[in-house]
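K.L.:
Here you go, entry-v2.cif (mmCIF, C-alpha atoms):
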```
data_my_file
loop_
_atom_site.label_atom_id
_atom_site.label_comp_id
_atom_site.auth_asym_id
_atom_site.auth_seq_id
_atom_site.Cartn_x
_atom_site.Cartn_y
_atom_site.Cartn_z
CA MET A 10 169.41 122.97 37.72
CA THR A 11 169.07 121.40 41.14
CA ALA A 12 167.67 117.88 41.07
CA ARG A 13 164.56 117.33 43.14
CA SER A 14 164.99 115.02 46.11
CA PRO A 15 163.67 111.56 45.15
CA GLY A 16 162.41 111.01 48.71
CA ARG A 17 160.47 114.23 48.76
CA GLY A 18 159.08 113.66 45.28
CA THR A 19 158.05 110.12 46.11
CA ALA A 20 156.35 111.21 49.31
CA ALA A 21 154.50 113.94 47.47
CA ALA A 22 153.36 111.54 44.79
CA VAL A 23 152.24 108.96 47.32
CA ALA A 24 150.33 111.52 49.35
CA ALA A 25 148.65 113.00 46.29
CA LEU A 26 147.76 109.53 45.06
CA THR A 27 146.41 108.65 48.49
CA ALA A 28 144.18 111.71 48.47
CA CYS A 29 142.90 110.82 45.04
CA LEU A 30 142.34 107.22 46.10
CA ALA A 31 140.23 108.44 48.98
CA LEU A 32 137.93 110.33 46.69
CA THR A 33 137.87 107.42 44.24
CA ALA A 34 137.13 104.99 47.06
CA THR A 35 134.33 107.27 48.15
CA GLN A 36 132.72 107.08 44.76
CA ALA A 37 133.38 103.35 44.43
CA ALA A 38 131.75 102.75 47.78
CA ALA A 39 128.76 104.66 46.50
CA ALA A 40 128.32 102.56 43.36
CA PRO A 41 124.88 100.89 43.17
CA VAL A 42 124.66 97.43 44.71
CA PRO A 43 121.62 95.31 45.54
CA GLY A 44 120.22 96.26 48.91
CA GLY A 45 122.59 99.21 49.16
CA ALA A 46 120.00 101.57 50.61
CA ALA A 47 117.26 101.00 53.14
CA GLN A 48 114.39 99.39 51.27
CA GLY A 49 110.66 99.24 51.90
CA ARG A 50 109.58 101.35 54.83
CA GLY A 51 112.20 103.62 56.33
CA GLU A 52 114.48 101.46 58.43
CA VAL A 53 118.12 100.59 58.91
CA THR A 54 119.08 96.99 58.19
CA PRO A 55 122.49 95.28 58.14
CA ALA A 56 122.47 95.80 54.36
CA THR A 57 122.11 99.58 54.60
CA ARG A 58 125.06 101.45 53.08
CA PHE A 59 125.61 105.06 54.13
CA TYR A 60 126.46 107.96 51.86
CA VAL A 61 130.00 109.35 51.69
CA ASP A 62 130.28 113.00 50.71
CA PRO A 63 133.15 113.32 48.21
CA HIS A 64 133.48 116.99 49.14
CA SER A 65 133.68 116.54 52.91
CA LYS A 66 135.85 118.71 55.14
CA ALA A 67 138.21 115.77 55.61
CA ALA A 68 138.64 115.44 51.84
CA LYS A 69 139.46 119.14 51.59
CA GLN A 70 141.88 118.81 54.51
CA ALA A 71 143.67 115.96 52.74
CA LEU A 72 144.34 118.20 49.76
CA ALA A 73 145.39 121.09 52.00
CA ASP A 74 147.84 118.79 53.79
CA VAL A 75 149.33 117.66 50.48
CA ARG A 76 149.85 121.25 49.41
CA SER A 77 151.57 122.06 52.72
CA GLY A 78 153.84 119.01 52.46
CA ASP A 79 152.25 117.23 55.44
CA PHE A 80 152.01 113.88 53.71
CA ALA A 81 151.41 111.66 56.74
CA ASP A 82 148.38 113.67 57.82
CA ALA A 83 147.24 113.90 54.20
CA ALA A 84 147.15 110.12 54.02
CA ASN A 85 145.12 109.92 57.21
CA MET A 86 142.69 112.58 56.01
CA ALA A 87 142.25 110.72 52.75
CA LYS A 88 141.35 107.59 54.68
CA LEU A 89 138.99 109.51 56.94
CA ALA A 90 137.29 111.08 53.93
CA SER A 91 136.39 107.65 52.57
CA TRP A 92 134.05 106.96 55.50
CA PRO A 93 130.46 108.24 55.86
CA GLN A 94 129.79 111.10 58.26
CA ALA A 95 126.57 112.86 59.23
CA ALA A 96 125.46 116.20 57.78
CA TRP A 97 124.18 118.68 60.36
CA PHE A 98 121.38 121.15 59.68
CA THR A 99 121.42 123.77 62.40
CA GLU A 100 119.73 126.92 61.12
CA GLY A 101 118.19 128.64 58.12
CA THR A 102 114.75 129.43 56.83
CA PRO A 103 112.34 126.63 55.95
CA GLN A 104 113.12 127.24 52.29
CA GLU A 105 116.86 126.99 52.94
CA VAL A 106 116.69 123.78 54.95
CA ARG A 107 114.38 122.16 52.44
CA ALA A 108 116.79 122.97 49.62
CA GLY A 109 119.84 121.81 51.57
CA VAL A 110 118.27 118.54 52.65
CA ASN A 111 116.90 117.91 49.17
CA THR A 112 120.32 118.39 47.59
CA LEU A 113 121.94 115.93 49.99
CA VAL A 114 119.37 113.15 49.72
CA ARG A 115 119.20 113.57 45.94
CA ARG A 116 122.97 113.10 45.64
CA ALA A 117 122.89 110.09 47.94
CA GLY A 118 119.93 108.57 46.11
CA ALA A 119 121.69 108.93 42.78
CA VAL A 120 124.37 106.50 43.98
CA HIS A 121 121.96 104.27 45.92
CA ARG A 122 123.18 105.21 49.37
CA THR A 123 121.47 106.39 52.55
CA PRO A 124 122.58 109.74 53.97
CA VAL A 125 122.73 110.43 57.71
CA LEU A 126 121.30 113.83 58.66
CA VAL A 127 121.08 115.63 62.00
CA ALA A 128 118.21 118.00 62.79
CA TYR A 129 119.58 120.48 65.34
CA ASN A 130 117.47 123.61 65.58
CA VAL A 131 115.14 123.22 68.55
CA PRO A 132 114.45 126.50 70.42
CA GLY A 133 116.76 127.14 73.38
CA ARG A 134 119.13 124.30 72.53
CA ASP A 135 122.17 123.59 74.72
CA CYS A 136 120.91 125.84 77.56
CA SER A 137 122.46 128.82 75.73
CA GLN A 138 125.95 127.36 76.15
CA TYR A 139 128.60 126.68 73.45
CA SER A 140 126.09 125.41 70.86
CA SER A 141 123.31 127.85 71.68
CA GLY A 142 120.81 128.87 69.04
CA GLY A 143 117.79 127.24 67.51
CA ALA A 144 114.53 128.39 66.01
CA ALA A 145 112.90 131.52 67.37
CA SER A 146 109.74 129.75 68.53
CA SER A 147 107.91 126.46 68.61
CA ALA A 148 105.87 127.47 65.59
CA ALA A 149 109.02 128.42 63.67
CA TYR A 150 110.65 125.13 64.61
CA ARG A 151 107.70 123.08 63.39
CA GLN A 152 107.73 124.92 60.07
CA TRP A 153 111.45 124.17 59.83
CA ILE A 154 110.83 120.47 60.54
CA ASP A 155 108.04 120.38 57.95
CA ALA A 156 110.49 121.77 55.41
CA PHE A 157 113.20 119.30 56.50
CA ALA A 158 110.82 116.41 55.92
CA ALA A 159 109.71 117.82 52.59
CA GLY A 160 113.34 118.02 51.52
CA ILE A 161 113.73 114.29 52.15
CA GLY A 162 110.61 113.45 50.22
CA ASP A 163 110.31 109.80 49.23
CA ARG A 164 114.04 109.04 49.27
CA SER A 165 116.01 107.08 51.86
CA ALA A 166 117.49 108.90 54.83
CA VAL A 167 118.47 108.43 58.46
CA VAL A 168 117.73 111.39 60.73
CA VAL A 169 119.10 111.92 64.24
CA VAL A 170 116.74 114.29 66.02
CA GLU A 171 118.13 117.04 68.25
CA PRO A 172 121.29 115.87 70.05
CA ASP A 173 121.01 116.69 73.78
CA GLY A 174 117.52 118.11 73.21
CA LEU A 175 115.87 115.55 75.47
CA ALA A 176 118.69 114.89 77.95
CA LEU A 177 119.07 118.64 78.48
CA LEU A 178 115.52 119.96 78.79
CA PRO A 179 114.81 123.58 79.74
CA LYS A 180 114.04 122.46 83.29
CA ASP A 181 117.63 121.17 83.50
CA CYS A 182 119.15 124.55 82.62
CA GLY A 183 118.74 126.06 86.07
CA PRO A 184 115.93 127.00 88.46
CA ALA A 185 115.23 130.33 86.77
CA THR A 186 115.02 129.01 83.22
CA ASP A 187 111.65 127.28 83.31
CA PRO A 188 109.90 127.93 86.65
CA THR A 189 106.43 127.00 85.34
CA GLY A 190 107.50 123.98 83.27
CA GLU A 191 105.94 125.47 80.15
CA LEU A 192 109.19 125.54 78.18
CA THR A 193 109.91 121.92 79.02
CA ALA A 194 106.44 120.80 78.00
CA THR A 195 106.81 122.68 74.72
CA ARG A 196 110.24 121.14 74.08
CA VAL A 197 108.90 117.62 74.57
CA ALA A 198 105.94 118.35 72.30
CA ASP A 199 108.24 119.82 69.64
CA LEU A 200 110.46 116.75 69.71
CA ALA A 201 107.42 114.48 69.40
CA TYR A 202 106.28 116.56 66.43
CA ALA A 203 109.68 116.22 64.79
CA VAL A 204 109.76 112.44 65.23
CA LYS A 205 106.23 111.97 63.89
CA THR A 206 106.67 114.37 60.96
CA LEU A 207 109.99 112.94 59.82
CA LYS A 208 108.84 109.35 60.23
CA ALA A 209 105.85 110.09 58.01
CA ARG A 210 108.24 110.10 55.06
CA PRO A 211 108.09 106.57 53.61
CA HIS A 212 111.81 105.78 53.58
CA THR A 213 113.14 107.73 56.57
CA ALA A 214 114.55 106.13 59.72
CA VAL A 215 114.30 108.41 62.75
CA TYR A 216 116.33 108.26 65.98
CA LEU A 217 115.57 110.64 68.86
CA ASP A 218 118.67 111.55 70.82
CA ALA A 219 118.97 110.23 74.38
CA GLY A 220 122.32 111.56 75.63
CA ASN A 221 124.95 109.07 76.78
CA VAL A 222 125.71 106.43 79.36
CA GLN A 223 127.15 108.87 81.90
CA TRP A 224 124.25 111.30 81.85
CA ARG A 225 120.60 110.53 82.62
CA ALA A 226 119.63 107.51 84.70
CA VAL A 227 117.94 104.75 82.73
CA GLY A 228 114.44 105.35 84.09
CA ASP A 229 114.69 109.11 83.67
CA ILE A 230 115.69 109.06 80.00
CA ALA A 231 113.30 106.17 79.28
CA GLN A 232 110.37 108.27 80.48
CA ARG A 233 111.56 111.30 78.54
CA LEU A 234 111.82 109.21 75.39
CA LEU A 235 108.31 107.84 75.84
CA ASP A 236 106.93 111.32 76.49
CA ALA A 237 108.60 112.61 73.32
CA GLY A 238 107.11 109.89 71.12
CA VAL A 239 110.18 107.75 70.51
CA ARG A 240 107.95 104.83 69.57
CA GLN A 241 106.65 106.82 66.62
CA GLY A 242 110.14 106.56 65.17
CA ASP A 243 112.77 103.84 64.91
CA GLY A 244 114.51 104.32 68.25
CA PHE A 245 117.09 106.59 69.81
CA SER A 246 120.69 107.72 69.44
CA LEU A 247 123.48 107.63 72.03
CA ASN A 248 126.90 109.19 72.64
CA VAL A 249 126.52 111.99 70.09
CA SER A 250 129.60 114.22 70.28
CA ASN A 251 130.91 112.21 73.21
CA THR A 252 133.68 109.71 73.88
CA HIS A 253 132.25 106.97 76.09
CA PRO A 254 133.05 103.41 74.98
CA THR A 255 130.80 101.75 72.45
CA ASP A 256 130.08 98.69 74.60
CA HIS A 257 129.12 100.86 77.59
CA ASN A 258 126.58 102.73 75.47
CA ALA A 259 125.25 99.49 73.99
CA ARG A 260 124.61 98.16 77.48
CA TYR A 261 122.94 101.42 78.50
CA GLY A 262 120.79 101.43 75.36
CA THR A 263 119.63 97.89 76.06
CA TRP A 264 118.60 98.85 79.59
CA ILE A 265 116.66 101.84 78.26
CA ALA A 266 114.85 99.68 75.72
CA GLU A 267 113.98 97.09 78.35
CA CYS A 268 112.89 99.79 80.81
CA MET A 269 110.49 101.30 78.27
CA TRP A 270 109.03 97.87 77.59
CA TYR A 271 108.81 97.08 81.32
CA ALA A 272 106.86 100.28 82.07
CA THR A 273 104.50 100.01 79.12
CA GLU A 274 104.03 96.34 78.24
CA GLY A 275 105.58 94.48 81.17
CA PRO A 276 104.02 93.32 84.43
CA ALA A 277 100.78 95.15 85.19
CA PRO A 278 101.99 96.72 88.46
CA ALA A 279 104.95 98.25 86.60
CA ARG A 280 102.86 100.19 84.08
CA GLY A 281 103.93 103.83 84.14
CA HIS A 282 106.90 103.15 86.42
CA THR A 283 110.09 103.76 84.52
CA ASP A 284 111.29 105.11 87.87
CA TRP A 285 111.48 101.55 89.17
CA CYS A 286 114.13 100.57 86.62
CA ALA A 287 117.67 99.92 87.72
CA SER A 288 120.31 102.13 86.15
CA GLN A 289 124.01 102.83 85.81
CA TYR A 290 123.75 104.56 89.20
CA TYR A 291 121.63 102.21 91.33
CA SER A 292 120.08 98.75 91.39
CA ALA A 293 117.75 97.33 93.98
CA ALA A 294 119.12 93.91 93.07
CA ALA A 295 122.47 94.78 94.65
CA PRO A 296 123.13 94.22 98.37
CA ASN A 297 123.93 97.92 98.74
CA ASP A 298 125.59 97.10 102.06
CA GLY A 299 128.62 99.35 101.70
CA THR A 300 131.00 96.57 100.72
CA PRO A 301 133.04 97.49 97.63
CA GLY A 302 131.41 96.03 94.53
CA ASN A 303 128.08 95.48 96.28
CA SER A 304 126.44 98.52 94.77
CA VAL A 305 126.32 100.06 91.33
CA ASN A 306 129.04 102.56 90.45
CA SER A 307 128.57 104.37 87.14
CA ALA A 308 132.35 104.64 86.77
CA ASP A 309 132.90 100.91 87.29
CA PRO A 310 131.23 98.72 84.65
CA ALA A 311 132.14 95.64 86.67
CA THR A 312 129.38 96.66 89.10
CA TRP A 313 126.80 96.94 86.35
CA ARG A 314 126.11 93.24 86.82
CA TRP A 315 123.67 94.36 89.48
CA THR A 316 121.77 96.39 86.92
CA ASP A 317 121.71 93.41 84.58
CA ALA A 318 120.46 91.29 87.47
CA TRP A 319 117.58 93.65 88.16
CA PHE A 320 116.39 93.52 84.56
CA ASP A 321 116.75 89.72 84.50
CA GLN A 322 114.64 89.48 87.64
CA ASN A 323 111.99 92.04 86.74
CA ALA A 324 111.78 92.30 82.96
CA GLY A 325 112.84 88.77 82.09
CA THR A 326 113.32 88.33 78.35
CA PRO A 327 111.06 90.77 76.51
CA PRO A 328 110.15 89.93 72.92
CA ALA A 329 112.92 91.27 70.70
CA THR A 330 110.34 92.79 68.35
CA ALA A 331 108.90 94.86 71.22
CA LEU A 332 112.16 96.62 72.10
CA SER A 333 113.32 99.95 70.71
CA HIS A 334 116.56 100.00 68.76
CA PHE A 335 119.35 102.58 68.84
CA VAL A 336 122.42 103.91 67.04
CA ILE A 337 125.74 104.89 68.66
CA ASP A 338 128.06 107.73 67.71
CA THR A 339 131.57 106.28 67.51
CA SER A 340 133.27 109.27 65.89
CA ARG A 341 135.58 110.03 68.84
CA ASN A 342 135.41 107.11 71.28
CA GLY A 343 138.16 104.83 70.03
CA LEU A 344 140.21 105.39 73.19
CA GLY A 345 137.22 105.84 75.48
CA ALA A 346 136.41 108.81 77.68
CA TRP A 347 138.95 111.35 78.91
CA THR A 348 139.50 111.78 82.64
CA PRO A 349 141.71 114.65 83.82
CA GLU A 350 144.29 114.10 86.51
CA PRO A 351 142.71 114.15 89.99
CA GLY A 352 142.80 117.62 91.46
CA LYS A 353 143.97 119.27 88.25
CA TYR A 354 140.84 121.39 87.98
CA SER A 355 138.87 122.94 90.81
CA GLY A 356 135.93 123.73 88.52
CA ASP A 357 134.12 121.69 85.87
CA PRO A 358 136.81 120.02 83.71
CA GLU A 359 134.26 119.63 80.89
CA PRO A 360 135.38 116.11 79.98
CA TRP A 361 132.94 116.06 77.07
CA CYS A 362 134.30 119.25 75.48
CA ASN A 363 137.10 118.76 72.94
CA ALA A 364 138.44 115.93 75.06
CA PRO A 365 142.20 115.79 74.45
CA GLY A 366 144.04 112.75 73.15
CA ARG A 367 140.98 110.98 71.77
CA GLY A 368 140.75 108.85 68.62
CA LEU A 369 138.25 107.82 65.99
CA GLY A 370 136.23 104.80 67.08
CA PRO A 371 134.59 101.86 65.28
CA ARG A 372 133.90 102.54 61.62
CA PRO A 373 130.38 103.49 60.52
CA THR A 374 128.33 100.42 59.66
CA ALA A 375 124.81 99.08 59.90
CA ASP A 376 126.11 95.55 60.33
CA THR A 377 127.02 95.74 64.03
CA GLY A 378 126.17 92.19 65.05
CA VAL A 379 124.93 93.62 68.37
CA PRO A 380 121.27 93.11 69.32
CA LEU A 381 119.23 96.34 69.22
CA THR A 382 122.22 98.35 67.90
CA ASP A 383 121.16 99.34 64.40
CA ALA A 384 124.36 101.15 63.47
CA TYR A 385 127.62 102.70 64.51
CA LEU A 386 127.68 106.18 62.99
CA TRP A 387 130.04 109.12 62.88
CA ILE A 388 127.37 111.61 63.88
CA LYS A 389 129.66 114.27 65.29
CA VAL A 390 131.82 115.34 62.35
CA PRO A 391 135.41 114.46 63.32
CA GLY A 392 137.38 117.69 63.37
CA GLU A 393 134.56 120.06 64.32
CA SER A 394 135.08 121.81 67.65
CA ASP A 395 132.70 121.48 70.59
CA GLY A 396 133.27 125.12 71.50
CA SER A 397 135.77 127.27 73.38
CA CYS A 398 136.24 125.07 76.44
CA THR A 399 137.83 126.59 79.54
CA ARG A 400 137.72 123.64 82.02
CA GLY A 401 136.07 125.84 84.64
CA THR A 402 139.12 128.09 84.93
CA GLY A 403 137.22 131.31 84.34
CA GLY A 404 139.58 132.35 81.55
CA THR A 405 139.33 132.05 77.80
CA VAL A 406 142.18 129.62 77.09
CA ASP A 407 141.68 125.87 77.09
CA PRO A 408 144.51 124.69 79.37
CA GLU A 409 144.60 121.29 77.68
CA TYR A 410 145.58 122.86 74.35
CA GLY A 411 147.04 126.19 75.43
CA ILE A 412 144.82 128.10 73.00
CA VAL A 413 141.32 129.50 72.72
CA ASP A 414 139.46 126.61 71.14
CA PRO A 415 137.57 127.32 67.90
CA PRO A 416 133.83 128.07 68.26
CA ALA A 417 131.36 125.19 68.27
CA GLY A 418 131.11 123.63 64.83
CA ALA A 419 134.28 125.27 63.48
CA TRP A 420 136.80 123.07 61.67
CA TRP A 421 139.94 122.34 63.70
CA PRO A 422 142.75 120.71 61.67
CA ASP A 423 144.95 119.90 64.66
CA GLN A 424 142.11 118.09 66.38
CA VAL A 425 141.13 116.00 63.37
CA HIS A 426 144.76 115.05 62.74
CA GLY A 427 144.99 113.78 66.31
CA LEU A 428 141.72 111.85 66.07
CA ALA A 429 142.99 110.11 62.94
CA ARG A 430 146.42 109.29 64.39
CA ASN A 431 144.82 107.86 67.55
CA ALA A 432 142.09 105.90 65.77
CA ALA A 433 141.19 102.57 67.37
CA PRO A 434 140.89 100.42 65.39
CA ARG A 435 143.61 101.80 63.11
CA LEU A 436 142.29 104.00 60.34
CA THR A 437 142.10 102.38 56.90
CA PHE A 438 140.37 103.13 53.61
CA ASN A 439 136.69 102.27 53.31
CA ARG A 440 136.66 99.52 50.70
#
```
Please go through the file and, once you have read it, give me the structure as structure tokens.
P.N.:
Amino acid sequence: MTARSPGRGTAAAVAALTACLALTATQAAAAPVPGGAAQGRGEVTPATRFYVDPHSKAAKQALADVRSGDFADAANMAKLASWPQAAWFTEGTPQEVRAGVNTLVRRAGAVHRTPVLVAYNVPGRDCSQYSSGGAASSAAYRQWIDAFAAGIGDRSAVVVVEPDGLALLPKDCGPATDPTGELTATRVADLAYAVKTLKARPHTAVYLDAGNVQWRAVGDIAQRLLDAGVRQGDGFSLNVSNTHPTDHNARYGTWIAECMWYATEGPAPARGHTDWCASQYYSAAAPNDGTPGNSVNSADPATWRWTDAWFDQNAGTPPATALSHFVIDTSRNGLGAWTPEPGKYSGDPEPWCNAPGRGLGPRPTADTGVPLTDAYLWIKVPGESDGSCTRGTGGTVDPEYGIVDPPAGAWWPDQVHGLARNAAPRLTFNR
């Protein structure tokens, strides 16, 4: 009989133990503790503890890696599985979404934790691109949202409403998509309905998505948020499924909050004028004389001092209680945004789409220590593809990976292994 290699056996045992520890840590983290879930009215506080699904895709990947003998990746997947991640609801009948949501919040409530859910079913979502789909009509969507809210009931939950739904309105999809503006008006009304309906649940915190720091100018997204009833909820979400640095998004979110206050409760002449707000693209407080550094450059945060200066000069110090709060998706931004080599692509390099070489970012927590930032969340599920990116090449293969990327939402083991290996800060168990 051939003796088994001690090294191999030890590695297998360690990896298997690690996977088990991850699931155990998940359950331990979910044990009841005082203040573990959002209390009173639906809100996120530093004491809020988020739900960890013991049957997550990362947990299953850890076990698959053990079985295949990939013990290093198994250990990383076990660590990843110990951290809370959002659950996306993207389709289904009202009855199906109500049942699915109810099951999740019931499991989370049983262990005194708050689940993070994503409502992603608005009609015409993603301009019919990689994540196209959504409800068949406004009426169907509202019935779906009613069912979503009913599934939550009186239990604690955090809901992120429609990633990209406001930053990518029908009017932004091209001149032929919404020539009359009717689709855009309906989208905004549907989002407002979703925020109001979900927030009507007594223990639900609601964040309306607002894109990311390298997308809409501050005044533009501030007005869109106001139009869509953001103040009926708890605030807005940033950087969902993107890789921009956490501190850049926090700065952007603060400007948005101050801009909304400025145009609604600030100086009388400014009422209704979110368009006056400085942004990551321009500030009237800068000299704007052509000298390097004397104007705002969205790609150079050192120039954002001019945006800060404009808000200092025009908004002053708004009451903290009058400013909207926000959450930031840190699931893939540990190494910041990806920028392809200059000249590598003649078309759109799609830097947001399955950005190569990225890593997990700051761990999910409601204790951020950053004013107005209610939580860092892993909203985009690490390891789920953004879609079959082509970098504007006109082909089907993603030249960054040399393969046809999995469809949007599909599990991609190679990607999640890379995110875990490149995590910044280094990936550890959630204790």
K.L.:
Would you list the residues near (124.3, 112.2, 52.2), meaning any protein, DNA or RNA residue with an atom at most 12 Å from that point in file coordinates, counting only C-alpha atoms, as a ChimeraX atom specification?
P.N.:
/A:35,39,46,58-65,92-97,109-127,161,164-168
K.L.:
Between CA of Thr273 in chain A and CA of His257 in chain A, what is the distance in Å, rounded to a tenth?
P.N.:
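Those two atoms sit 24.7 Å apart.
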K.L.:
Under the rule that only C-alpha atoms are counted, which of A:Glu100, A:Asn85, A:Ala417, A:Ala203 is the nearest residue to Arg435 in chain A?
P.N.:
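Of A:Glu100, A:Asn85, A:Ala417, A:Ala203, the one nearest Arg435 in chain A, counting only C-alpha atoms, is A:Asn85.
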K.L.:
I need the output of the PyMOL selection byres ((chain A and resi 159) around 9) for this file as a list in words; which residues are they?
P.N.:
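With the PyMOL selection byres ((chain A and resi 159) around 9) on this model, the match is Arg107, Val110, Asn111, Ile154, Asp155, Ala156, Phe157, Ala158, Gly160, Ile161, Gly162, Asp163, Leu207 and Arg210 of chain A.
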K.L.:
Residue by residue, what does the PyMOL selection byres ((chain A and resi 390-404) around 7) grab here? Present the result as JSON, numbers by chain.
P.N.:
{"A": [94, 95, 139, 340, 356, 357, 358, 359, 362, 363, 387, 388, 389, 405, 406, 407, 408, 413, 414, 415, 416, 417, 418, 419, 420, 421, 422, 424, 425]}
K.L.:
Kindly complete range 424-431 of chain A to all heavy atoms; the output should be written as an mmCIF file, in the frame of the given file.
P.N.:
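The result, stored in selection.cif:
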```cif
data_model
loop_
_atom_site.group_PDB
_atom_site.id
_atom_site.type_symbol
_atom_site.label_atom_id
_atom_site.label_comp_id
_atom_site.auth_asym_id
_atom_site.auth_seq_id
_atom_site.Cartn_x
_atom_site.Cartn_y
_atom_site.Cartn_z
ATOM 1 N N GLN A 424 142.907 119.095 65.689
ATOM 2 C CA GLN A 424 142.110 118.090 66.380
ATOM 3 C C GLN A 424 141.847 116.881 65.492
ATOM 4 O O GLN A 424 141.987 115.733 65.916
ATOM 5 C CB GLN A 424 140.786 118.677 66.858
ATOM 6 C CG GLN A 424 139.986 117.684 67.712
ATOM 7 C CD GLN A 424 138.561 118.138 67.979
ATOM 8 O OE1 GLN A 424 137.719 118.114 67.094
ATOM 9 N NE2 GLN A 424 138.296 118.554 69.209
ATOM 10 N N VAL A 425 141.461 117.124 64.246
ATOM 11 C CA VAL A 425 141.130 116.000 63.370
ATOM 12 C C VAL A 425 142.370 115.172 63.052
ATOM 13 O O VAL A 425 142.298 113.938 62.928
ATOM 14 C CB VAL A 425 140.425 116.482 62.083
ATOM 15 C CG1 VAL A 425 141.382 117.120 61.093
ATOM 16 C CG2 VAL A 425 139.668 115.330 61.436
ATOM 17 N N HIS A 426 143.527 115.814 62.954
ATOM 18 C CA HIS A 426 144.760 115.050 62.740
ATOM 19 C C HIS A 426 145.017 114.112 63.923
ATOM 20 O O HIS A 426 145.405 112.949 63.746
ATOM 21 C CB HIS A 426 145.948 115.998 62.566
ATOM 22 C CG HIS A 426 145.941 116.727 61.259
ATOM 23 N ND1 HIS A 426 146.536 117.957 61.089
ATOM 24 C CD2 HIS A 426 145.407 116.399 60.050
ATOM 25 C CE1 HIS A 426 146.377 118.355 59.832
ATOM 26 N NE2 HIS A 426 145.698 117.428 59.188
ATOM 27 N N GLY A 427 144.794 114.617 65.132
ATOM 28 C CA GLY A 427 144.990 113.780 66.310
ATOM 29 C C GLY A 427 143.997 112.636 66.376
ATOM 30 O O GLY A 427 144.362 111.502 66.719
ATOM 31 N N LEU A 428 142.732 112.901 66.066
ATOM 32 C CA LEU A 428 141.720 111.850 66.070
ATOM 33 C C LEU A 428 142.095 110.728 65.098
ATOM 34 O O LEU A 428 141.911 109.547 65.404
ATOM 35 C CB LEU A 428 140.358 112.426 65.692
ATOM 36 C CG LEU A 428 139.680 113.325 66.720
ATOM 37 C CD1 LEU A 428 138.461 114.012 66.103
ATOM 38 C CD2 LEU A 428 139.251 112.516 67.944
ATOM 39 N N ALA A 429 142.613 111.109 63.941
ATOM 40 C CA ALA A 429 142.990 110.110 62.940
ATOM 41 C C ALA A 429 144.212 109.312 63.382
ATOM 42 O O ALA A 429 144.260 108.086 63.239
ATOM 43 C CB ALA A 429 143.249 110.787 61.598
ATOM 44 N N ARG A 430 145.205 109.995 63.938
ATOM 45 C CA ARG A 430 146.420 109.290 64.390
ATOM 46 C C ARG A 430 146.097 108.317 65.525
ATOM 47 O O ARG A 430 146.727 107.257 65.630
ATOM 48 C CB ARG A 430 147.465 110.296 64.850
ATOM 49 C CG ARG A 430 148.168 111.034 63.728
ATOM 50 C CD ARG A 430 149.399 111.780 64.239
ATOM 51 N NE ARG A 430 149.039 112.859 65.156
ATOM 52 C CZ ARG A 430 148.831 114.122 64.792
ATOM 53 N NH1 ARG A 430 148.927 114.464 63.515
ATOM 54 N NH2 ARG A 430 148.532 115.041 65.688
ATOM 55 N N ASN A 431 145.145 108.681 66.379
ATOM 56 C CA ASN A 431 144.820 107.860 67.550
ATOM 57 C C ASN A 431 143.668 106.892 67.309
ATOM 58 O O ASN A 431 143.144 106.310 68.261
ATOM 59 C CB ASN A 431 144.448 108.771 68.725
ATOM 60 C CG ASN A 431 145.594 109.630 69.185
ATOM 61 O OD1 ASN A 431 146.753 109.262 69.026
ATOM 62 N ND2 ASN A 431 145.288 110.794 69.752
#
```
